[in-house]
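Student: The structure under discussion is supplied below as structure tokens; questions concerning it will follow.
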Amino acid sequence: MTDSTKDRITGHVDETKGKAKSAIGDMTGDEQTQSEGQADQATGKIKQGVADLKDKANDVVKGLTGDKDK
């Protein structure tokens, strides 16, 4: 499994966890839990963005070196 795939998976998990936390915070009126959920969602989106950048950087390297297998 590539680093970008790991980042994408952990990002998705963080985002999903954040959505659940945020919803629980909304239902219970707990602002701290809601805020933590929003932070987790943001962290997840950032991790997924990093994964996209890693993939694009890999594509650039492949294009420059002509290596289709990296």
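Each chain in the structure tokens gets a letter, A, B and so on, in the order shown; residues start at 1 in every chain, and ligands are counted from 1 in the order they appear.
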Which residues are near Gly49 (chain A)? Cut-off 10 Å, only C-alpha atoms, ignore same chain within fewer than 3 positions. Put them as a PDB file with C-alpha atoms, in the first residue's frame.

Tutor:
ATOM      1  CA  SER A   4      -0.796   8.243  -0.545  1.00  0.00           C
ATOM      2  CA  ASP A   7      -3.141   9.002   3.792  1.00  0.00           C
ATOM      3  CA  ARG A   8      -6.354   8.783   1.795  1.00  0.00           C
ATOM      4  CA  GLY A  11      -8.165  10.923   5.989  1.00  0.00           C
ATOM      5  CA  THR A  43      -7.853  16.949   9.465  1.00  0.00           C
ATOM      6  CA  GLY A  44      -9.345  14.235   7.281  1.00  0.00           C
ATOM      7  CA  LYS A  45      -9.756  16.576   4.334  1.00  0.00           C
ATOM      8  CA  ILE A  46      -6.156  17.770   4.707  1.00  0.00           C
ATOM      9  CA  ASP A  52      -3.654  13.848  -3.916  1.00  0.00           C
ATOM     10  CA  LEU A  53      -0.470  15.953  -3.927  1.00  0.00           C
ATOM     11  CA  LYS A  54       1.681  12.854  -3.435  1.00  0.00           C
ATOM     12  CA  ASP A  55      -0.038  11.161  -6.373  1.00  0.00           C
TER      13      ASP A  55
END

Student: Hey, what's within 9 Å of region 19-27 of chain A if we count only C-alpha atoms and toss same-chain stuff fewer than 3 positions away? As a PyMOL selection string, please?

Tutor: chain A and resi 14-16+30-38+40-41

Student: Interatomic distance between CA of Gln48 (chain A) and CA of Asp3 (chain A)?

Tutor: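 These atoms are spaced 11.2 Å apart.
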
Student: Quote the spacing between CA of Ala42 (chain A) and CA of Val13 (chain A) in Å to one decimal place.

Tutor: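 Rounded to one decimal, the two atoms are 11.6 Å apart.
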